[in-house]
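Here is the structure we will look at, set down as structure tokens.
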Amino acid sequence: MALNKFGFIVTGGGFEPAGRRVVLASEQFEMIAVGVPGPADAIAVARQLVSEGVQLLELCGGFGPVWTAKVIEAVGPGVPVGSVGYGPESIDTMHALFKA
């Protein structure tokens, strides 16, 4: 089976808990990106994406390992869930983006 439907969830300020969607599609492939205000909001969104036929789900780096594990548990074993990671070379610039 070829990958033809991919989901990506990102966290960001100002998004609604139900998510804001952007769809990029061709005749062979569809990517659904959804923005949520925080990691806890991703559980319902992830389940919805899986129910819509998403075959692979990726989470932005802001989820970290704990929330990634919670999403994996929520969607079950049928759909792989991964998360974006940043290497040590990015620590200083990431800290600058997110410090209060």
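Ligands are numbered from 1 in the order shown, residues from 1 within each chain, and chains are lettered A, B, ... in the order they appear in the structure tokens.
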
Quick one: residues within 7 Å of range 38-53 of chain A, only C-alpha atoms, excluding same-chain residues fewer than 4 positions away - as a short mmCIF file (atom, residue, chain, number, x, y, z; two decimals) with N, CA and C atoms, in the first residue's frame?
data_model
loop_
_atom_site.label_atom_id
_atom_site.label_comp_id
_atom_site.auth_asym_id
_atom_site.auth_seq_id
_atom_site.Cartn_x
_atom_site.Cartn_y
_atom_site.Cartn_z
N LYS A 5 -2.08 9.54 2.20
CA LYS A 5 -2.75 10.50 3.08
C LYS A 5 -1.94 10.65 4.37
N GLY A 7 -0.90 13.16 7.81
CA GLY A 7 -1.36 14.20 8.72
C GLY A 7 -0.20 14.79 9.51
N THR A 11 1.50 22.89 17.12
CA THR A 11 0.94 23.74 18.17
C THR A 11 1.33 25.18 17.90
N GLY A 12 0.42 26.09 18.23
CA GLY A 12 0.71 27.50 18.03
C GLY A 12 -0.35 28.37 18.68
N PRO A 17 -9.10 24.96 19.78
CA PRO A 17 -8.88 23.57 20.22
C PRO A 17 -9.27 22.52 19.17
N ALA A 18 -10.29 22.81 18.37
CA ALA A 18 -10.70 21.85 17.33
C ALA A 18 -9.73 21.87 16.15
N PHE A 63 5.64 18.90 20.90
CA PHE A 63 4.94 17.87 21.65
C PHE A 63 5.85 17.16 22.64
N TRP A 67 3.89 13.91 25.27
CA TRP A 67 2.65 14.10 24.50
C TRP A 67 2.65 13.26 23.23
N VAL A 71 -0.42 10.69 22.22
CA VAL A 71 -1.09 10.63 20.92
C VAL A 71 -0.99 9.22 20.35
N ALA A 74 -3.52 7.19 22.01
CA ALA A 74 -4.87 7.58 21.62
C ALA A 74 -5.29 7.04 20.26
N VAL A 75 -4.36 6.99 19.31
CA VAL A 75 -4.74 6.53 17.97
C VAL A 75 -4.60 5.03 17.81
#

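One finds CA of Glu58 in chain A at 8.3 Å from CA of Pro80 in chain A.
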
Contacts of Arg21 in chain A at 9 Å (only C-alpha atoms; same-chain gap of 3+ positions) as a list in words:
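The residues that qualify are Ile32, Ala33, Val34 and Gly35 of chain A.
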
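Taking CA of Phe6 in chain A and CA of Met31 in chain A as the two end points, the separation is 4.8 Å.
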
Please report, as a PyMOL selection string, each residue of chain A to which DSSP assigns strand (DSSP E or B) when run on this structure's backbone.
chain A and resi 5-11+20-25+30-36+56-59+81-83
